[in-house]
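Enquirer: Pasting entry.pdb below, which is PDB, C-alpha atoms.
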ATOM      1  CA  MET A   1      27.345   1.097 -21.481
ATOM      2  CA  LEU A   2      29.386  -1.101 -23.815
ATOM      3  CA  THR A   3      33.131  -1.468 -23.442
ATOM      4  CA  THR A   4      35.917  -3.644 -24.778
ATOM      5  CA  LEU A   5      37.585  -5.357 -21.853
ATOM      6  CA  GLN A   6      41.346  -4.961 -21.820
ATOM      7  CA  THR A   7      42.315  -8.522 -21.087
ATOM      8  CA  ALA A   8      43.195 -11.585 -23.080
ATOM      9  CA  TYR A   9      40.233 -13.803 -23.910
ATOM     10  CA  SER A  10      40.771 -17.185 -22.335
ATOM     11  CA  ASP A  11      38.966 -20.351 -23.346
ATOM     12  CA  THR A  12      36.900 -20.774 -20.221
ATOM     13  CA  CYS A  13      33.631 -22.618 -20.497
ATOM     14  CA  ALA A  14      30.147 -22.349 -19.052
ATOM     15  CA  ALA A  15      30.762 -25.372 -16.826
ATOM     16  CA  ASP A  16      33.621 -23.509 -15.085
ATOM     17  CA  LEU A  17      31.317 -20.815 -13.678
ATOM     18  CA  ALA A  18      30.836 -20.794  -9.929
ATOM     19  CA  TRP A  19      28.428 -18.829  -7.728
ATOM     20  CA  ALA A  20      29.161 -17.184  -4.391
ATOM     21  CA  LEU A  21      27.488 -14.803  -1.944
ATOM     22  CA  GLY A  22      29.383 -12.483   0.376
ATOM     23  CA  ARG A  23      32.728 -12.257  -1.434
ATOM     24  CA  GLU A  24      34.812  -9.123  -1.057
ATOM     25  CA  PRO A  25      35.090  -6.950  -4.192
ATOM     26  CA  LEU A  26      37.313  -8.586  -6.791
ATOM     27  CA  PRO A  27      39.459  -6.680  -9.309
ATOM     28  CA  ALA A  28      37.155  -5.341 -12.025
ATOM     29  CA  LEU A  29      37.787  -4.517 -15.677
ATOM     30  CA  ALA A  30      34.677  -2.296 -15.918
ATOM     31  CA  VAL A  31      32.315  -0.863 -13.279
ATOM     32  CA  LEU A  32      28.929   0.853 -13.391
ATOM     33  CA  ASP A  33      27.721   2.592 -10.210
ATOM     34  CA  LEU A  34      23.964   3.119  -9.925
ATOM     35  CA  GLU A  35      21.762   4.878  -7.378
ATOM     36  CA  LEU A  36      18.260   3.414  -7.591
ATOM     37  CA  ALA A  37      15.667   4.746  -5.130
ATOM     38  CA  GLY A  38      18.060   4.839  -2.179
ATOM     39  CA  ALA A  39      19.929   1.658  -3.061
ATOM     40  CA  ARG A  40      23.509   1.744  -4.275
ATOM     41  CA  LEU A  41      24.271  -0.939  -6.821
ATOM     42  CA  GLN A  42      27.658  -1.545  -8.346
ATOM     43  CA  MET A  43      27.858  -3.838 -11.367
ATOM     44  CA  ARG A  44      31.361  -5.152 -11.986
ATOM     45  CA  LEU A  45      32.708  -7.011 -15.005
ATOM     46  CA  LEU A  46      35.551  -9.297 -14.025
ATOM     47  CA  GLY A  47      38.012 -11.006 -16.312
ATOM     48  CA  ALA A  48      36.234 -14.184 -15.266
ATOM     49  CA  SER A  49      32.603 -12.904 -15.414
ATOM     50  CA  HIS A  50      30.613 -10.675 -12.983
ATOM     51  CA  GLN A  51      30.101  -9.358  -9.482
ATOM     52  CA  VAL A  52      27.229  -7.243  -8.126
ATOM     53  CA  LEU A  53      27.518  -5.248  -4.899
ATOM     54  CA  LEU A  54      24.276  -3.949  -3.376
ATOM     55  CA  GLU A  55      24.194  -1.566  -0.440
ATOM     56  CA  GLU A  56      21.077  -0.193   1.213
ATOM     57  CA  ASP A  57      20.029   0.942   4.691
ATOM     58  CA  ARG A  58      18.855  -2.610   5.401
ATOM     59  CA  GLY A  59      22.213  -4.176   4.605
ATOM     60  CA  THR A  60      24.539  -5.340   1.868
ATOM     61  CA  CYS A  61      24.675  -8.151  -0.651
ATOM     62  CA  SER A  62      27.576  -9.330  -2.803
ATOM     63  CA  GLU A  63      26.930 -11.810  -5.624
ATOM     64  CA  THR A  64      29.751 -13.275  -7.677
ATOM     65  CA  VAL A  65      29.339 -15.504 -10.724
ATOM     66  CA  ALA A  66      32.751 -16.235 -12.153
ATOM     67  CA  CYS A  67      35.394 -18.799 -12.997
ATOM     68  CA  ILE A  68      37.028 -18.833  -9.570
ATOM     69  CA  PRO A  69      39.990 -21.174  -9.117
ATOM     70  CA  GLY A  70      39.423 -23.493  -6.186
ATOM     71  CA  SER A  71      35.729 -22.616  -5.817
ATOM     72  CA  SER A  72      33.650 -25.455  -4.451
ATOM     73  CA  THR A  73      30.220 -24.043  -5.345
ATOM     74  CA  PRO A  74      29.275 -24.718  -8.976
ATOM     75  CA  LEU A  75      26.685 -22.570 -10.681
ATOM     76  CA  PRO A  76      23.320 -23.653  -9.231
ATOM     77  CA  LEU A  77      20.059 -23.732 -11.162
ATOM     78  CA  GLY A  78      18.394 -21.854  -8.318
ATOM     79  CA  VAL A  79      19.023 -20.437  -4.855
ATOM     80  CA  SER A  80      16.677 -18.882  -2.319
ATOM     81  CA  LYS A  81      18.206 -17.453   0.867
ATOM     82  CA  ARG A  82      17.421 -15.065   3.663
ATOM     83  CA  LEU A  83      19.972 -12.295   4.061
ATOM     84  CA  GLY A  84      19.046 -10.339   7.167
ATOM     85  CA  GLU A  85      15.848  -8.483   6.273
ATOM     86  CA  TRP A  86      16.092  -9.514   2.620
ATOM     87  CA  GLU A  87      15.042 -12.456   0.531
ATOM     88  CA  TYR A  88      17.588 -13.352  -2.134
ATOM     89  CA  GLU A  89      16.611 -15.411  -5.182
ATOM     90  CA  PHE A  90      18.972 -16.513  -7.937
ATOM     91  CA  ALA A  91      18.334 -18.623 -11.019
ATOM     92  CA  ALA A  92      20.611 -19.716 -13.860
ATOM     93  CA  ARG A  93      20.247 -21.612 -17.094
ATOM     94  CA  VAL A  94      22.485 -22.506 -20.005
ATOM     95  CA  GLU A  95      21.255 -22.012 -23.579
ATOM     96  CA  THR A  96      23.032 -23.963 -26.333
ATOM     97  CA  LEU A  97      22.651 -22.315 -29.728
ATOM     98  CA  SER A  98      23.780 -22.953 -33.292
ATOM     99  CA  GLU A  99      26.578 -20.714 -34.587
ATOM    100  CA  GLY A 100      24.179 -18.511 -36.576
ATOM    101  CA  SER A 101      21.647 -18.276 -33.748
ATOM    102  CA  PHE A 102      24.415 -17.508 -31.267
ATOM    103  CA  ALA A 103      25.718 -14.589 -33.339
ATOM    104  CA  GLY A 104      22.225 -13.112 -33.696
ATOM    105  CA  ARG A 105      21.435 -13.511 -29.992
ATOM    106  CA  ALA A 106      24.788 -11.941 -29.051
ATOM    107  CA  GLN A 107      24.118  -8.885 -31.229
ATOM    108  CA  GLU A 108      20.593  -8.534 -29.836
ATOM    109  CA  LEU A 109      21.724  -8.687 -26.202
ATOM    110  CA  LEU A 110      24.654  -6.316 -26.664
ATOM    111  CA  ALA A 111      22.378  -3.761 -28.369
ATOM    112  CA  LEU A 112      19.808  -4.048 -25.556
ATOM    113  CA  VAL A 113      22.330  -3.565 -22.757
ATOM    114  CA  ALA A 114      24.581  -0.986 -24.459
ATOM    115  CA  ASP A 115      21.751   1.540 -24.814
ATOM    116  CA  HIS A 116      20.163   0.973 -21.393
ATOM    117  CA  PRO A 117      20.976   3.480 -18.601
ATOM    118  CA  HIS A 118      21.285   0.589 -16.106
ATOM    119  CA  GLY A 119      23.220  -1.730 -18.418
ATOM    120  CA  LEU A 120      26.863  -2.727 -18.584
ATOM    121  CA  ALA A 121      28.413  -4.994 -21.196
ATOM    122  CA  GLY A 122      31.977  -5.899 -21.982
ATOM    123  CA  THR A 123      33.283  -7.705 -25.029
ATOM    124  CA  PHE A 124      36.502  -9.693 -24.924
ATOM    125  CA  PRO A 125      39.219  -9.226 -27.574
ATOM    126  CA  GLY A 126      39.595 -12.172 -29.916
ATOM    127  CA  SER A 127      35.923 -12.976 -30.494
ATOM    128  CA  PRO A 128      33.146 -10.532 -31.426
ATOM    129  CA  HIS A 129      30.604 -12.684 -29.592
ATOM    130  CA  ALA A 130      32.521 -13.297 -26.350
ATOM    131  CA  PHE A 131      30.965 -11.006 -23.753
ATOM    132  CA  THR A 132      29.490 -10.538 -20.317
ATOM    133  CA  ALA A 133      26.451  -8.259 -20.013
ATOM    134  CA  MET A 134      24.393  -7.045 -17.044
ATOM    135  CA  LEU A 135      21.119  -5.148 -16.692
ATOM    136  CA  ALA A 136      19.603  -3.869 -13.412
ATOM    137  CA  GLN A 137      16.295  -2.383 -12.294
ATOM    138  CA  ARG A 138      14.459  -1.470  -9.128
ATOM    139  CA  ALA A 139      10.730  -2.049  -8.971
ATOM    140  CA  GLU A 140       8.235  -2.452  -6.139
ATOM    141  CA  GLY A 141      10.966  -2.192  -3.497
ATOM    142  CA  GLN A 142      13.042  -4.962  -5.056
ATOM    143  CA  MET A 143      16.362  -4.914  -6.853
ATOM    144  CA  ARG A 144      16.601  -7.172  -9.875
ATOM    145  CA  TRP A 145      19.411  -7.891 -12.257
ATOM    146  CA  ARG A 146      20.009 -10.185 -15.186
ATOM    147  CA  THR A 147      23.303 -11.290 -16.638
ATOM    148  CA  TRP A 148      24.463 -13.009 -19.798
ATOM    149  CA  HIS A 149      27.818 -14.787 -20.148
ATOM    150  CA  ALA A 150      28.678 -15.789 -23.715
ATOM    151  CA  TYR A 151      30.910 -18.708 -24.662
ATOM    152  CA  PRO A 152      30.933 -18.664 -28.487
ATOM    153  CA  GLN A 153      33.472 -21.490 -28.778
ATOM    154  CA  GLU A 154      30.851 -23.765 -27.137
ATOM    155  CA  GLY A 155      27.773 -22.046 -28.547
ATOM    156  CA  GLN A 156      26.595 -21.540 -24.963
ATOM    157  CA  LEU A 157      25.002 -18.569 -23.261
ATOM    158  CA  VAL A 158      24.674 -18.615 -19.473
ATOM    159  CA  VAL A 159      21.699 -16.521 -18.358
ATOM    160  CA  THR A 160      21.149 -15.540 -14.719
ATOM    161  CA  ARG A 161      18.499 -13.551 -12.919
ATOM    162  CA  THR A 162      18.555 -12.280  -9.349
ATOM    163  CA  ARG A 163      15.980 -10.667  -7.105
ATOM    164  CA  VAL A 164      16.728  -9.107  -3.717
ATOM    165  CA  GLY A 165      13.821  -7.708  -1.730
ATOM    166  CA  VAL A 166      12.469  -7.122   1.743
ATOM    167  CA  ARG A 167      11.159 -10.237   3.445
ATOM    168  CA  MET A 168       7.425 -10.195   3.727
ATOM    169  CA  PRO A 169       5.947 -11.086   7.126
ATOM    170  CA  ALA A 170       4.031 -14.320   7.291
ATOM    171  CA  ALA A 171       0.288 -13.893   6.863
ATOM    172  CA  THR A 172      -1.779 -14.261  10.002
ATOM    173  CA  LEU A 173      -5.072 -16.053  10.045
TER     174      LEU A 173
END
In structure tokens, how does this file's structure come out?
Expert:
Amino acid sequence: MLTTLQTAYSDTCAADLAWALGREPLPALAVLDLELAGARLQMRLLGASHQVLLEEDRGTCSETVACIPGSSTPLPLGVSKRLGEWEYEFAARVETLSEGSFAGRAQELLALVADHPHGLAGTFPGSPHAFTAMLAQRAEGQMRWRTWHAYPQEGQLVVTRTRVGVRMPAATL
């Protein structure tokens, strides 16, 4: 699903993104609710980036990647945590692209997500290449999602990937 977000585009930058687990739902500009093999996943586009809410019999998980005033946790390159019965893994990277490459990559990603049944993308008014996009899947008992946060004024694309799955018991010898 592709939507135009009804908010003013502000000149935030990739370096302003912060990461948080366990936040309450924040006001969303667009929402996609999914039911994937017994798991309820809500992908939320915020004015300041994204939030994913996962609910399953085993528990809940809330991931927020956004420009959050006063946040003390910058966007990490990687996180691995235990959440009850789950293992949570998060990774992020920043791609810096030329203006022409950025425009092509933006079009490619928006086309991929817009036509996907588990995809949500929102473009910001003021720049055709300013967007946040999300894509989710469930495979082998794990939930996975990827996100893309575009900052055309910097030529930067922040790419994240998350995996949440059941903790595997330690092997016995």
Enquirer: So the first atom is CA of Gln156 (chain A) and the second is CA of Gln137 (chain A); what is the distance between them in Å, to one decimal place?
Expert: 25.2 Å
Enquirer: Just say which residues the PyMOL selection byres ((chain A and resi 60) around 10) picks in this file, as a list of chain:residue names.
Expert: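 Output of the PyMOL selection byres ((chain A and resi 60) around 10): A:Gly22, A:Ala39, A:Arg40, A:Leu41, A:Leu53, A:Leu54, A:Glu55, A:Glu56, A:Asp57, A:Arg58, A:Gly59, A:Cys61, A:Ser62, A:Leu83, A:Gly84, A:Trp86.
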Enquirer: If we count all atoms listed in the file, what is near Gln42 (chain A) at a cut-off of 7 Å, once residues fewer than 6 positions away on the same chain are taken out, given as number ranges by chain?
Expert: A: 31-34, 52-54
Enquirer: Write out as a list in words which residues come within 12 Å of Ala111 (chain A) when counting only C-alpha atoms, dropping same-chain ones fewer than 2 positions away.
Expert: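 Neighbouring residues, sequence-local ones excluded: Met1, Leu2, Gly104, Arg105, Ala106, Gln107, Glu108, Leu109, Val113, Ala114, Asp115, His116, Gly119, Leu120, Ala121, Gly122, Ala133, Met134 and Leu135 of chain A.
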Enquirer: Taking the point (19.1, -24.7, -4.5) as given in the file, collect each protein or nucleic acid residue that comes within 12 Å of it, counting all atoms listed in the file, and present the set as a ChimeraX atom specification.
Expert: /A:19,73-81,88-92
Enquirer: Taking the point (26.1, -23.2, -29.9) as given in the file, collect each protein or nucleic acid residue that comes within 9 Å of it, counting only C-alpha atoms, and present the set as a count of residues only.
Expert: 15
Enquirer: So, with all atoms listed in the file as the atoms that count, which of A:Val159, A:Gln6, A:Gly141, A:Phe124 lies closest to Val65 (chain A)?
Expert: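 When distances to Val65 (chain A) are compared using all atoms listed in the file, the smallest one comes from A:Val159.
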Enquirer: Would you mind reading off the distance between CA of Arg163 (chain A) and CA of Leu29 (chain A), one decimal, in Å?
Expert: 24.2 Å
Enquirer: Considering all atoms listed in the file, state which residue in the set A:Ala150, A:Met143, A:Ala66, A:Leu110 is at the smallest distance from Arg23 (chain A).
Expert: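 Distance minimum relative to Arg23 (chain A) lands on A:Ala66.
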Enquirer: Please enclose the listed atoms of region 99-118 of chain A in an axis-aligned box, pad each side by 3 Å, and write out the centre and the three edge lengths in Å, rounded to one decimal, as lines of an AutoDock Vina configuration file.
Expert:
center_x = 23.2
center_y = -8.6
center_z = -26.3
size_x = 12.8
size_y = 30.2
size_z = 26.5
Enquirer: To one decimal place, how far is CA of Gln142 (chain A) from CA of Thr64 (chain A) in Å?
Expert: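 Separating CA of Gln142 (chain A) from CA of Thr64 (chain A) is a distance of 18.8 Å.
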Enquirer: Which is closer to Ala14 (chain A) than all the others in A:Val166, A:Ala139, A:Ala48, A:Leu112, using all atoms listed in the file?
Expert: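 With all atoms listed in the file as the atom set, the closest residue is A:Ala48.
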Enquirer: For each of A:Phe131, A:Ile68, A:Trp145, A:Ala18, take the minimum atom-to-atom distance to Gly165 (chain A), counting all atoms listed in the file, then give the residue where this is smallest.
Expert: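 Ranked by minimum distance to Gly165 (chain A), first place goes to A:Trp145.
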Enquirer: For Arg146 (chain A), which of A:Met43, A:Ala130, A:Glu85, A:Gly70 is the closest residue, counting only C-alpha atoms?
Expert: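 Checking each candidate against Arg146 (chain A), we get A:Met43 as the closest.
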